[in-house]
Structure formats: structure tokens, C-alpha cells
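So this one's query05.txt, compact mmCIF, C-alpha atoms:
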```
# COMPACT_ATOMS: atom_id res chain seq x y z
CA MET A 1 55.33 -5.20 6.46
CA ASN A 2 53.47 -8.10 8.02
CA GLU A 3 50.15 -9.26 6.70
CA LEU A 4 47.32 -6.87 7.38
CA VAL A 5 45.14 -7.74 10.33
CA VAL A 6 41.51 -7.96 9.23
CA GLY A 7 39.71 -4.80 10.29
CA SER A 8 42.94 -2.84 10.86
CA PHE A 9 43.26 0.69 9.50
CA ALA A 10 45.25 -0.45 6.45
CA HIS A 11 42.84 -3.29 5.82
CA ALA A 12 39.82 -1.00 6.17
CA LEU A 13 41.37 1.31 3.58
CA THR A 14 41.02 -1.42 1.01
CA ASN A 15 37.29 -1.90 1.49
CA MET A 16 35.89 1.27 3.08
CA SER A 17 35.50 4.73 1.63
CA THR A 18 37.72 7.40 3.14
CA SER A 19 34.72 9.21 4.61
CA ASP A 20 33.39 6.04 6.26
CA LEU A 21 36.82 5.43 7.69
CA VAL A 22 37.09 8.96 9.04
CA LYS A 23 33.62 8.70 10.60
CA ASN A 24 34.13 5.19 12.02
CA LEU A 25 37.54 5.70 13.52
CA ASP A 26 36.92 6.42 17.19
CA THR A 27 39.66 4.85 19.29
CA LEU A 28 43.44 5.06 19.40
CA ILE A 29 45.12 2.18 21.18
CA LEU A 30 48.65 2.81 22.41
CA MET A 31 50.47 -0.41 23.13
CA ASP A 32 53.61 -0.70 25.23
CA VAL A 33 56.36 -2.56 23.31
CA SER A 34 59.13 -2.23 25.87
CA ALA A 35 61.27 -5.33 26.35
CA SER A 36 59.27 -6.53 29.37
CA MET A 37 56.28 -7.18 27.10
CA SER A 38 58.10 -10.23 25.77
CA GLN A 39 57.72 -11.92 29.17
CA ASP A 40 54.99 -14.53 29.58
CA ASP A 41 53.93 -14.11 25.96
CA ARG A 42 52.32 -10.74 26.84
CA TRP A 43 53.00 -9.30 23.43
CA GLU A 44 51.61 -12.31 21.54
CA LYS A 45 48.52 -12.40 23.74
CA ALA A 46 47.96 -8.68 23.30
CA ASN A 47 48.25 -8.96 19.52
CA LYS A 48 45.76 -11.83 19.56
CA ALA A 49 43.28 -9.75 21.56
CA LEU A 50 43.80 -6.73 19.31
CA ALA A 51 43.30 -8.86 16.18
CA GLU A 52 40.03 -10.16 17.58
CA LEU A 53 38.82 -6.65 18.35
CA GLN A 54 39.84 -5.21 14.99
CA ALA A 55 38.02 -8.01 13.18
CA LYS A 56 34.92 -7.37 15.27
CA TYR A 57 35.04 -3.57 14.89
CA PRO A 58 36.61 -2.99 11.46
CA GLY A 59 38.01 0.47 10.85
CA ARG A 60 37.25 1.72 14.35
CA LEU A 61 40.62 1.14 16.00
CA LEU A 62 43.86 2.87 15.19
CA LEU A 63 46.88 1.15 16.66
CA ALA A 64 50.16 2.69 17.80
CA GLU A 65 53.08 1.27 19.74
CA PHE A 66 55.37 3.03 22.15
CA GLY A 67 58.82 2.15 23.45
CA VAL A 68 61.57 4.70 22.93
CA GLY A 69 59.11 6.69 20.83
CA THR A 70 55.60 6.27 19.48
CA HIS A 71 54.41 5.44 16.01
CA LEU A 72 51.33 4.11 14.25
CA ARG A 73 50.96 0.50 13.22
CA LEU A 74 48.55 0.65 10.33
CA ASP A 75 48.86 -3.09 9.74
CA GLY A 76 47.08 -3.72 13.04
CA GLN A 77 49.75 -5.55 15.00
CA VAL A 78 52.41 -4.28 17.36
CA GLY A 79 55.93 -5.29 18.30
CA PRO A 80 58.08 -7.22 18.56
CA PRO A 81 59.13 -5.74 21.91
CA GLN A 82 62.75 -4.63 21.89
CA ASP A 83 63.03 -1.15 23.36
CA ASP A 84 64.55 -0.49 26.77
CA MET A 85 62.20 2.41 27.31
CA THR A 86 58.52 2.77 28.23
CA ASN A 87 58.11 6.30 26.99
CA LEU A 88 54.51 6.86 28.05
CA LEU A 89 54.98 10.61 27.82
CA SER A 90 55.67 10.35 24.08
CA ALA A 91 52.56 8.17 23.74
CA ILE A 92 50.38 10.74 25.50
CA GLN A 93 51.81 13.55 23.39
CA PHE A 94 51.27 11.48 20.27
CA ALA A 95 47.65 10.83 21.28
CA ASP A 96 46.81 14.45 22.01
CA PRO A 97 45.75 15.54 18.49
CA TYR A 98 43.70 12.36 18.08
CA ALA A 99 41.96 12.99 21.40
CA LYS A 100 41.14 16.49 20.19
CA THR A 101 39.13 14.95 17.34
CA GLY A 102 36.93 13.17 19.85
CA MET A 103 38.73 9.82 19.71
CA LYS A 104 38.99 7.70 22.83
CA ILE A 105 42.48 6.76 23.95
CA ILE A 106 43.42 3.36 25.35
CA ILE A 107 46.87 2.76 26.82
CA ILE A 108 48.04 -0.80 27.39
CA THR A 109 51.18 -1.17 29.48
CA ASP A 110 52.89 -3.63 31.80
CA GLY A 111 55.21 -1.40 33.77
CA GLU A 112 56.27 1.99 35.00
CA PRO A 113 56.95 4.73 32.48
CA ASN A 114 60.50 6.01 32.22
CA SER A 115 62.36 8.88 30.68
CA ASN A 116 65.89 10.15 30.25
CA GLN A 117 64.76 13.57 31.32
CA TYR A 118 62.73 13.14 34.51
CA SER A 119 62.78 11.16 37.73
CA LEU A 120 59.82 8.80 38.08
CA PRO A 121 57.76 11.05 40.40
CA GLU A 122 58.42 14.05 38.15
CA LEU A 123 57.59 12.03 35.06
CA ARG A 124 54.24 10.92 36.49
CA GLU A 125 53.29 14.53 37.12
CA VAL A 126 54.37 15.59 33.61
CA ILE A 127 52.34 12.74 32.10
CA VAL A 128 49.23 13.53 34.14
CA LYS A 129 49.50 17.17 33.08
CA ALA A 130 49.96 16.20 29.39
CA ALA A 131 46.91 13.95 29.60
CA THR A 132 44.63 16.62 31.02
CA GLY A 133 41.39 16.85 29.07
CA MET A 134 41.88 13.54 27.22
CA LYS A 135 39.52 10.60 27.58
CA ILE A 136 41.92 7.84 28.56
CA HIS A 137 41.42 4.26 29.59
CA SER A 138 44.62 2.69 30.84
CA ILE A 139 44.96 -1.06 31.04
CA PHE A 140 47.69 -2.62 33.11
CA CYS A 141 48.62 -6.12 32.02
CA GLY A 142 51.84 -6.84 33.95
CA ASP A 143 52.85 -8.49 37.20
CA ASP A 144 51.46 -6.76 40.23
CA LYS A 145 54.72 -6.83 42.11
CA ASP A 146 56.71 -4.89 39.53
CA GLY A 147 53.72 -3.07 38.12
CA VAL A 148 52.82 0.58 37.97
CA ASP A 149 51.48 2.83 40.64
CA LYS A 150 47.71 2.27 40.49
CA ASP A 151 47.01 5.77 41.80
CA PHE A 152 49.01 7.17 38.91
CA LEU A 153 46.99 5.16 36.37
CA ALA A 154 43.77 6.24 38.07
CA ARG A 155 44.77 9.88 37.66
CA LEU A 156 45.02 9.34 33.89
CA GLY A 157 41.40 8.17 33.68
CA GLU A 158 39.47 4.93 33.82
CA THR A 159 41.73 1.98 34.69
CA SER A 160 41.58 -1.79 34.27
CA ILE A 161 44.04 -4.29 35.67
CA VAL A 162 44.01 -7.59 33.82
CA THR A 163 46.26 -10.34 32.54
CA PRO A 164 47.28 -10.03 28.88
CA ASP A 165 44.92 -12.78 27.74
CA LEU A 166 41.96 -10.92 29.19
CA LEU A 167 42.43 -7.68 27.30
CA VAL A 168 39.40 -7.98 25.04
CA ALA A 169 36.75 -7.40 27.71
CA PRO A 170 37.97 -4.05 29.13
CA ILE A 171 38.76 -2.66 25.67
CA GLU A 172 35.37 -3.71 24.34
CA LYS A 173 33.60 -2.30 27.38
CA TYR A 174 35.31 1.04 26.87
CA LEU A 175 34.64 0.97 23.11
CA LEU A 176 30.94 0.52 23.70
CA SER A 177 30.72 2.96 26.59
CA GLY A 178 30.06 5.94 24.34
CA GLY A 179 32.31 8.09 26.37
CA MET B 1 64.90 19.04 -44.12
CA ASN B 2 63.92 22.63 -43.76
CA ALA B 3 63.51 24.99 -40.80
CA LYS B 4 62.42 28.59 -40.49
CA LEU B 5 61.38 31.01 -37.80
CA ARG B 6 57.78 32.24 -37.74
CA GLY B 7 57.13 34.61 -34.91
CA ASP B 8 58.63 32.86 -31.89
CA ALA B 9 57.92 29.38 -33.24
CA ILE B 10 60.15 27.18 -35.33
CA VAL B 11 58.53 25.68 -38.41
CA ILE B 12 60.04 22.52 -39.83
CA GLN B 13 59.36 20.45 -42.92
CA PHE B 14 60.80 17.13 -43.94
CA SER B 15 60.00 14.29 -46.31
CA TYR B 16 57.79 11.65 -44.76
CA ASN B 17 59.90 9.81 -42.22
CA GLN B 18 58.15 7.60 -39.73
CA THR B 19 61.16 7.40 -37.42
CA MET B 20 61.51 11.18 -37.31
CA ILE B 21 57.83 11.62 -36.52
CA ALA B 22 58.11 9.08 -33.70
CA ARG B 23 61.11 10.93 -32.28
CA LEU B 24 59.30 14.27 -32.41
CA LYS B 25 56.36 12.78 -30.57
CA GLU B 26 58.60 11.14 -28.02
CA TYR B 27 60.73 14.17 -27.18
CA ILE B 28 58.33 17.08 -27.62
CA PRO B 29 55.13 17.19 -25.54
CA SER B 30 51.98 17.45 -27.61
CA TYR B 31 51.24 21.00 -26.45
CA GLU B 32 54.60 22.21 -27.75
CA ARG B 33 54.23 20.87 -31.30
CA ILE B 34 51.45 21.43 -33.84
CA TRP B 35 51.01 19.59 -37.11
CA ASP B 36 49.65 21.83 -39.85
CA ALA B 37 48.13 19.43 -42.36
CA ASP B 38 47.44 22.16 -44.95
CA TYR B 39 51.07 23.17 -45.26
CA LYS B 40 52.53 19.80 -44.25
CA GLU B 41 54.69 21.38 -41.59
CA TRP B 42 55.37 21.05 -37.89
CA ILE B 43 55.29 24.10 -35.66
CA ILE B 44 57.63 23.57 -32.75
CA HIS B 45 58.16 25.47 -29.51
CA PRO B 46 61.57 27.21 -29.66
CA LYS B 47 62.72 25.59 -26.39
CA HIS B 48 63.34 22.47 -28.48
CA ILE B 49 65.81 24.20 -30.76
CA GLY B 50 68.65 22.07 -29.36
CA PHE B 51 66.77 18.87 -30.09
CA LEU B 52 66.03 20.03 -33.65
CA ARG B 53 69.67 20.95 -34.18
CA GLY B 54 70.69 17.51 -32.98
CA GLU B 55 68.28 15.94 -35.45
CA GLY B 56 69.96 17.84 -38.29
CA PHE B 57 67.47 20.65 -38.92
CA PRO B 58 69.15 23.87 -40.16
CA VAL B 59 68.23 26.03 -37.17
CA LYS B 60 70.27 29.17 -36.50
CA ASP B 61 72.04 30.16 -33.29
CA SER B 62 70.46 33.59 -33.48
CA TRP B 63 66.93 32.17 -33.14
CA PRO B 64 65.22 32.49 -29.75
CA SER B 65 64.99 29.46 -27.49
CA SER B 66 62.06 30.63 -25.41
CA ILE B 67 58.78 32.50 -25.64
CA LYS B 68 58.30 35.50 -23.41
CA PRO B 69 55.32 34.80 -21.14
CA LYS B 70 52.57 37.34 -20.64
CA THR B 71 49.56 37.56 -18.37
CA ILE B 72 46.12 37.32 -19.96
CA ASN B 73 42.53 36.96 -18.77
CA PHE B 74 40.22 34.70 -20.72
CA ASN B 75 36.98 32.78 -20.56
CA LEU B 76 37.52 29.05 -20.58
CA ILE B 77 34.29 27.48 -21.72
CA TYR B 78 35.32 23.87 -21.52
CA LEU B 79 38.33 21.99 -20.22
CA GLY B 80 39.03 18.53 -21.56
CA LYS B 81 40.71 15.66 -19.79
CA ILE B 82 44.43 15.33 -19.44
CA LYS B 83 45.58 13.35 -22.44
CA ASP B 84 48.41 10.84 -22.09
CA GLY B 85 49.32 12.33 -18.73
CA LYS B 86 50.70 15.40 -20.52
CA ALA B 87 48.15 18.19 -20.96
CA ALA B 88 44.48 19.12 -21.20
CA ASN B 89 42.98 21.28 -23.93
CA GLY B 90 40.66 24.17 -23.15
CA ALA B 91 38.16 25.86 -25.46
CA ASN B 92 37.26 29.51 -25.92
CA GLU B 93 33.77 30.88 -26.68
CA GLN B 94 34.18 29.93 -30.34
CA GLU B 95 34.81 26.34 -29.25
CA GLN B 96 38.38 26.51 -30.46
CA TYR B 97 40.74 24.48 -28.31
CA ILE B 98 43.46 27.08 -28.12
CA TYR B 99 44.38 26.84 -24.42
CA LYS B 100 46.93 24.17 -23.55
CA PHE B 101 47.09 23.26 -19.88
CA PRO B 102 50.17 21.13 -19.11
CA ALA B 103 49.39 18.54 -16.42
CA ASP B 104 52.00 19.91 -14.01
CA VAL B 105 50.39 23.37 -14.15
CA LEU B 106 46.97 21.95 -13.28
CA VAL B 107 48.39 19.70 -10.58
CA ALA B 108 50.24 22.64 -9.03
CA PHE B 109 47.15 24.85 -9.05
CA PHE B 110 44.89 22.19 -7.58
CA LYS B 111 47.62 20.90 -5.25
CA ALA B 112 46.86 17.38 -6.39
CA SER B 113 50.32 16.29 -5.42
CA VAL B 114 50.13 13.06 -3.45
CA PHE B 115 46.77 11.49 -4.03
CA HIS B 116 43.21 12.57 -4.62
CA SER B 117 42.74 14.37 -1.33
CA TYR B 118 39.46 15.92 -0.28
CA TYR B 119 41.19 19.27 -0.60
CA SER B 120 42.14 18.71 -4.23
CA ILE B 121 38.67 17.38 -5.01
CA LEU B 122 37.16 20.58 -3.64
CA ALA B 123 39.96 22.69 -5.15
CA ILE B 124 40.80 24.39 -1.87
CA ASP B 125 43.85 24.88 0.34
CA ARG B 126 44.25 22.95 3.55
CA GLU B 127 43.94 26.26 5.34
CA ALA B 128 40.52 26.99 3.83
CA ASN B 129 37.92 28.08 6.37
CA GLN B 130 34.38 26.71 6.58
CA GLU B 131 32.99 29.52 4.45
CA GLN B 132 35.48 28.79 1.68
CA ILE B 133 34.80 25.06 1.89
CA LYS B 134 31.07 25.63 1.53
CA ALA B 135 31.50 28.13 -1.32
CA SER B 136 33.78 25.81 -3.25
CA TYR B 137 31.45 22.86 -2.76
CA ARG B 138 28.46 24.84 -4.03
CA ARG B 139 30.37 26.06 -7.04
CA LEU B 140 31.66 22.60 -7.99
CA ALA B 141 28.43 20.78 -7.21
CA LYS B 142 26.74 23.03 -9.77
CA GLN B 143 29.39 22.33 -12.39
CA TRP B 144 29.34 18.57 -11.82
CA HIS B 145 25.64 18.05 -11.19
CA PRO B 146 24.69 15.01 -13.27
CA ASP B 147 21.62 16.81 -14.61
CA ILE B 148 23.83 19.51 -16.10
CA CYS B 149 27.27 18.05 -16.59
CA LYS B 150 27.56 15.66 -19.50
CA GLU B 151 30.98 14.31 -18.57
CA PRO B 152 30.91 10.51 -18.33
CA ASN B 153 32.21 10.67 -14.76
CA ALA B 154 29.84 13.43 -13.59
CA GLN B 155 27.92 11.17 -11.21
CA GLU B 156 31.16 9.83 -9.73
CA MET B 157 32.60 13.33 -9.26
CA PHE B 158 29.35 14.60 -7.76
CA ILE B 159 29.45 11.81 -5.16
CA ALA B 160 33.14 12.47 -4.48
CA LEU B 161 32.40 16.16 -3.94
CA LYS B 162 29.61 15.35 -1.50
CA GLU B 163 31.85 12.92 0.37
CA ALA B 164 34.66 15.47 0.62
CA PHE B 165 32.26 18.17 1.74
CA ASP B 166 30.62 15.95 4.39
CA VAL B 167 33.99 15.39 6.04
CA LEU B 168 35.62 18.79 5.62
CA SER B 169 32.52 20.75 6.66
CA ASN B 170 32.54 18.99 10.01
CA GLN B 171 35.30 20.43 12.22
CA THR B 172 35.87 17.19 14.13
CA LEU B 173 35.94 14.98 11.07
CA LYS B 174 38.13 17.49 9.26
CA ALA B 175 40.67 17.40 12.09
CA ARG B 176 40.61 13.61 12.06
CA TYR B 177 40.96 13.53 8.28
CA ASP B 178 43.94 15.89 8.49
CA LEU B 179 45.60 13.52 10.95
CA ILE B 180 45.13 10.35 8.96
CA SER B 181 45.33 11.68 5.42
CA PRO B 182 49.11 11.17 5.19
CA TYR B 183 48.47 7.46 5.67
CA LEU B 184 45.66 7.14 3.16
CA SER B 185 48.17 6.88 0.33
CA VAL B 186 49.24 3.50 1.70
CA THR B 187 46.65 1.91 -0.52
CA LYS B 188 45.05 4.73 -2.49
CA THR B 189 46.34 5.36 -5.96
CA PRO B 190 48.92 8.12 -6.00
CA ILE B 191 48.74 10.69 -8.73
CA ASN B 192 51.49 9.97 -11.19
CA ASN B 193 51.71 10.50 -14.90
CA ALA B 194 49.78 7.32 -15.59
CA ALA B 195 47.02 8.18 -13.14
CA LEU B 196 46.79 11.69 -14.59
CA VAL B 197 45.29 10.21 -17.72
CA ASP B 198 42.16 9.59 -15.70
CA TRP B 199 42.40 12.68 -13.56
CA CYS B 200 40.07 15.49 -14.40
CA PRO B 201 40.63 18.96 -12.94
CA PRO B 202 37.64 19.87 -10.75
CA TYR B 203 36.74 23.06 -12.64
CA ARG B 204 35.13 22.63 -16.03
CA CYS B 205 34.99 26.27 -17.05
CA GLY B 206 35.85 29.67 -15.68
CA ARG B 207 37.25 33.15 -16.01
CA ILE B 208 40.98 32.63 -15.78
CA SER B 209 43.94 34.85 -15.21
CA ALA B 210 47.16 33.14 -16.21
CA SER B 211 50.72 33.55 -17.31
CA VAL B 212 50.85 32.13 -20.83
CA GLU B 213 53.17 31.66 -23.77
CA PRO B 214 51.53 32.57 -27.08
CA PHE B 215 52.43 29.75 -29.43
CA ALA B 216 51.14 29.52 -33.01
CA LYS B 217 47.60 30.78 -32.35
CA HIS B 218 47.55 28.78 -29.12
CA PHE B 219 48.34 29.69 -25.55
CA ILE B 220 50.42 27.41 -23.39
CA ILE B 221 49.40 28.03 -19.80
CA ARG B 222 52.49 28.24 -17.62
CA LYS B 223 50.91 29.38 -14.38
CA ILE B 224 47.30 29.79 -13.33
CA ILE B 225 46.94 32.93 -11.24
CA SER B 226 43.20 32.84 -10.52
CA TRP B 227 40.16 30.89 -11.62
CA ASN B 228 36.77 32.51 -11.09
CA ASP B 229 33.24 31.78 -12.22
CA ILE B 230 31.97 33.14 -15.52
CA THR B 231 28.89 35.24 -14.98
CA ASN B 232 26.69 36.85 -17.61
CA SER B 233 25.12 40.30 -17.56
CA SER B 234 22.16 38.90 -15.61
CA GLY B 235 24.49 37.67 -12.90
CA GLN B 236 24.01 34.01 -13.79
CA THR B 237 26.95 31.65 -13.41
CA LEU B 238 28.00 29.39 -16.24
CA VAL B 239 27.91 25.86 -14.90
CA THR B 240 27.78 23.65 -17.94
CA SER B 241 30.85 21.70 -18.85
CA PHE B 242 29.47 20.88 -22.25
CA SER B 243 30.64 23.19 -24.97
CA ARG B 244 27.80 23.68 -27.43
CA GLY B 245 27.11 26.72 -29.61
CA ALA B 246 23.70 28.07 -28.60
CA ILE B 247 24.36 27.76 -24.92
CA ILE B 248 27.82 29.19 -25.07
CA ARG B 249 27.18 32.14 -27.33
CA SER B 250 24.67 33.56 -24.88
CA TRP B 251 27.57 33.94 -22.44
CA ASN B 252 29.75 36.00 -24.74
```

The structure given in the file should be rewritten as C-alpha cells.
Amino acid sequence: MNELVVGSFAHALTNMSTSDLVKNLDTLILMDVSASMSQDDRWEKANKALAELQAKYPGRLLLAEFGVGTHLRLDGQVGPPQDDMTNLLSAIQFADPYAKTGMKIIIITDGEPNSNQYSLPELREVIVKAATGMKIHSIFCGDDKDGVDKDFLARLGETSIVTPDLLVAPIEKYLLSGG
Amino acid sequence: MNAKLRGDAIVIQFSYNQTMIARLKEYIPSYERIWDADYKEWIIHPKHIGFLRGEGFPVKDSWPSSIKPKTINFNLIYLGKIKDGKAANGANEQEQYIYKFPADVLVAFFKASVFHSYYSILAIDREANQEQIKASYRRLAKQWHPDICKEPNAQEMFIALKEAFDVLSNQTLKARYDLISPYLSVTKTPINNAALVDWCPPYRCGRISASVEPFAKHFIIRKIISWNDITNSSGQTLVTSFSRGAIIRSWN
């Protein structure tokens, strides 16, 4: 395992009581680690932004990455990007129980979701249905020309479109929004 | 070297031999061997008959190698800490430490299997409902209240109970705790034999139903079936963890 990012879940475990951690934890960030995230240093820039946020809000953010599947990154950093898939559906399904505990969900992605099971239009509908009732903020940090359908992102919830080095502001805004 | 059968137990005698004593202590857990200083003899659980044979004691093939368990109900007035990660001793109303609780039996009953979870602190199942959580908290908070409980870690346990209750009594926090608890062991100390030395079962006393093996005036607890409060004829609940004559006798 890499070194723990200051303020990450695993780091907070070393200096916070379990009950403080349970009470503080309020946001799950799902980060796309598909291969395209290695372009233009997107992954490095995203990790830098996430490290800054975790240090500023220790124990509040839980980090997960999604590619072929989705899993937590307790050490507070994601990647490296290597998967051929952007399995957003698995990320939404993964987030569901966390959303049910009142946690906000932030999705950071740079491209269209894909699946071995559905065509893209079908997949979008399945994802929107799976995300029903969840508080989601999706952040698109890819190139506009090969990016995602903005209407689709908007249907998931609040949306921001930024470059990877400007991730801090929309995440922080959402964190502090109370909703 | 001498060996004889007394009841279900094997009694051995041998000339002072430091190496032999060390081997006995290494291979036989403390709750399955008793040193009788008056008669200078060791009373050994019959399951160790093979070990004794291997050490050269004249045990007979016809002797039993187990003790038939039976179910009993008893008042446990005080439960000590787990010693050496092996077992905790429990006292009866006469303050005799005749109940031997092997660590694995306590751990199984309190489901303290991975780390000190809020569920094991409150001695409840993960499926416990809010009513059960509240009842267990009240019961344990009485037993561990620092004004009553004289255990050195009473204050610490009382705080831990409050912390566990604060989270588990809140549906949202409980759900969140359930989600992240598998990951808490990343840095929290897991319960292993070494950690069990410091682990104290949450109940300090109680009316217990258990499957036991009677062993030389002692009872080795093999399975705890139920653990309820001890109440006196006035309906009061025994909460002290401190076994002392005058207080205890009034509960007989």
C-alpha cells in the first residue's frame, strides 16, 4: 500500500475515535480510473486535488475508484489508471448503501460509461434508474469533444464541468452545501 | 511417577522435576490442570491422557479421555480477566473461583471475533433491534459505572459503552458503522491470544446457563447458553463487579 494521505479514512483511523469517524464521514467520492484518465496527467491532478481536500477535511471523505469494478481506497489516493472499462453502473451500485446512510456521493469521470451488458443509451437509463433517490454530484473532467452526454450527467444530479486541476472548488462547494 | 483415576480426573504425582512442570504448563491449559499443594499432586483433565502416557505416566487404556458435559444454572458473582490469553476465572457466592471460562468460549459468546466492535462491547448481535441495544447498554452501564465498578478499567469501559451506544442507537450512524466496520481493523488491534490478555468480557456477573464439565470441584465452561441479570427477592439487579462478602451474601 502507498503512504497514507493525510486526512484519508485510513489516516483518520489512527488519530480519531471510531465514533467521531462514523459521525464525520459524510461524502463518498467515486473516481474514474479508466485508461483515459492517464491522459494529460488527469489522474495525477485529481489525486493532488483529493489530497488537498482530505487534508483540509480529515475523516470526512471516503474514496473509491471505478474501472472494471469499484472498490474503496482507504489510503486516500486512486489509480493508477489501467482498466479498459468505465463501469459507472458498478460505482452507482457500490454507492447506494452509503447514500442510504445520508452520505453525499461525488462522481469524477472523464468519459462515457460503458458496459459489456448494455448499449450506451440503455446503460444511461439503467444508471439513472439505479441512482434514483441518491444525492449525487457528478464532475466531468475530460475533453469536451470526447466527453459524456451533459444531459445524462444532469439527470444524475448536480453537475460540474471542469479541468482536472480545478477539481477542488466544485467538490468543496458541494461538501459545504449541506445537501 | 504415579498416576491414578479420581472421578473423571487423572491425578499424578512425581518427584520435583522442573522440566516436567514446565512441560505440563506448556501443554495443558491452566483451566485443565490443578495443583493441590496439600497432597503435592496434579489433577489433570482426562483429555490429556495421551500426553501423560507419552511423558511416561502409568495411565491405563481403560481410563476415560473425556468428561461428559452437563447443563447447569449458576450465579456468577464476579468474573476475572482472561489470564495469559487462556481463560478467566469466575466466583460463586462463597467467593470461590470454581468457574473456568476458556477464552474461546467467551469470545464465541460475545462474538468478539475480529476486533473490539461496538457490537461486542455492548454484547449484542448485529441483528439486535433498538430496544435490545438500549436494554443492553443500560444493563452494562450499570455494571461498569465508575461509581460502582472497582475494575481498574471501569472508566474506560464506561466511555466505550457510551460511544458504542451513541452510534448504534442512531439508525443512520449504525448503518454507516455497519458499512465501514470491516475496514476498521486496518489499524485497530485485532483480538488475538495476546490481545485477549487485556480483553475483559463485558458482563461482570450474572445468572448463567451453561454446558460445563465438572472437573475436580471446578466447572469448565464449554458453552454459554444464556447470561441474565441476577436479581434479589426485592427485584433489585446485582450490578457490582466487586466480590466482597457482605454485599454478596445479601444476594444469596

List every residue of chain A that has an atom at most 9 Å from any atom of chain B, giving for each one its closest atom pair and the distance in Å to one decimal, counting all atoms listed in the file, sorted by chain and then by ascending residue number, as a Markdown table.
```
| residue | atom | partner | partner_atom | distance |
| --- | --- | --- | --- | --- |
| A:Ala10 | CA | B:Val186 | CA | 7.4 |
| A:Leu13 | CA | B:Thr187 | CA | 6.7 |
| A:Thr14 | CA | B:Thr187 | CA | 6.7 |
| A:Thr18 | CA | B:Leu184 | CA | 7.9 |
| A:Ser19 | CA | B:Glu163 | CA | 6.3 |
| A:Val22 | CA | B:Tyr177 | CA | 6.0 |
| A:Lys23 | CA | B:Leu173 | CA | 6.7 |
| A:Leu25 | CA | B:Arg176 | CA | 8.6 |
| A:Leu74 | CA | B:Tyr183 | CA | 8.3 |
| A:Pro97 | CA | B:Leu179 | CA | 7.8 |
| A:Tyr98 | CA | B:Arg176 | CA | 6.9 |
| A:Lys100 | CA | B:Thr172 | CA | 8.1 |
| A:Thr101 | CA | B:Thr172 | CA | 5.1 |
| A:Gly102 | CA | B:Thr172 | CA | 7.1 |
| A:Met103 | CA | B:Arg176 | CA | 8.7 |
```

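For the choices A:Leu120, A:Cys141, A:Ala64, A:Met134, the atom-to-atom distance to Ile105 (chain A) is smallest for A:Met134 when using all atoms listed in the file.
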
Query raised in the report: What lies within 10 Å of Leu166 (chain A) using all atoms listed in the file, ignoring chain neighbours under 6 positions off, as a list of chain:residue names?
Result: A:Lys45, A:Ala46, A:Ala49, A:Cys141

Could you take the residues named above and write them with C-alpha atoms, as an mmCIF file, keeping the file's coordinate frame?
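Heads up, here's the output in result-v5.cif:
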```cif
data_model
loop_
_atom_site.group_PDB
_atom_site.id
_atom_site.type_symbol
_atom_site.label_atom_id
_atom_site.label_comp_id
_atom_site.auth_asym_id
_atom_site.auth_seq_id
_atom_site.Cartn_x
_atom_site.Cartn_y
_atom_site.Cartn_z
ATOM 1 C CA LYS A 45 48.520 -12.400 23.740
ATOM 2 C CA ALA A 46 47.960 -8.680 23.300
ATOM 3 C CA ALA A 49 43.280 -9.750 21.560
ATOM 4 C CA CYS A 141 48.620 -6.120 32.020
#
```

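Minimum atom-to-atom distances from B:Lys162, B:Ile49, B:Lys86, B:Ile77 to Asp61 (chain B) were compared using all atoms listed in the file, and the lowest value belongs to B:Ile49.
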
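Take CA of Glu55 (chain B) and CA of Lys68 (chain B): the distance between them is 25.0 Å.
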
Query - Pairwise distance for CA of Ile72 (chain B) and CA of Gln94 (chain B), rounded to one decimal in Å - result: 17.5 Å

Query raised in the report: Which of these residues is nearest to Thr71 (chain B), using only C-alpha atoms: B:Glu213, B:Glu93, B:Asp229, B:Glu26?
Result: B:Glu213

**Report entry** Two-atom distance - CA of Ala37 (chain B), CA of Asn89 (chain B) (Å)
**Finding:** 19.2 Å
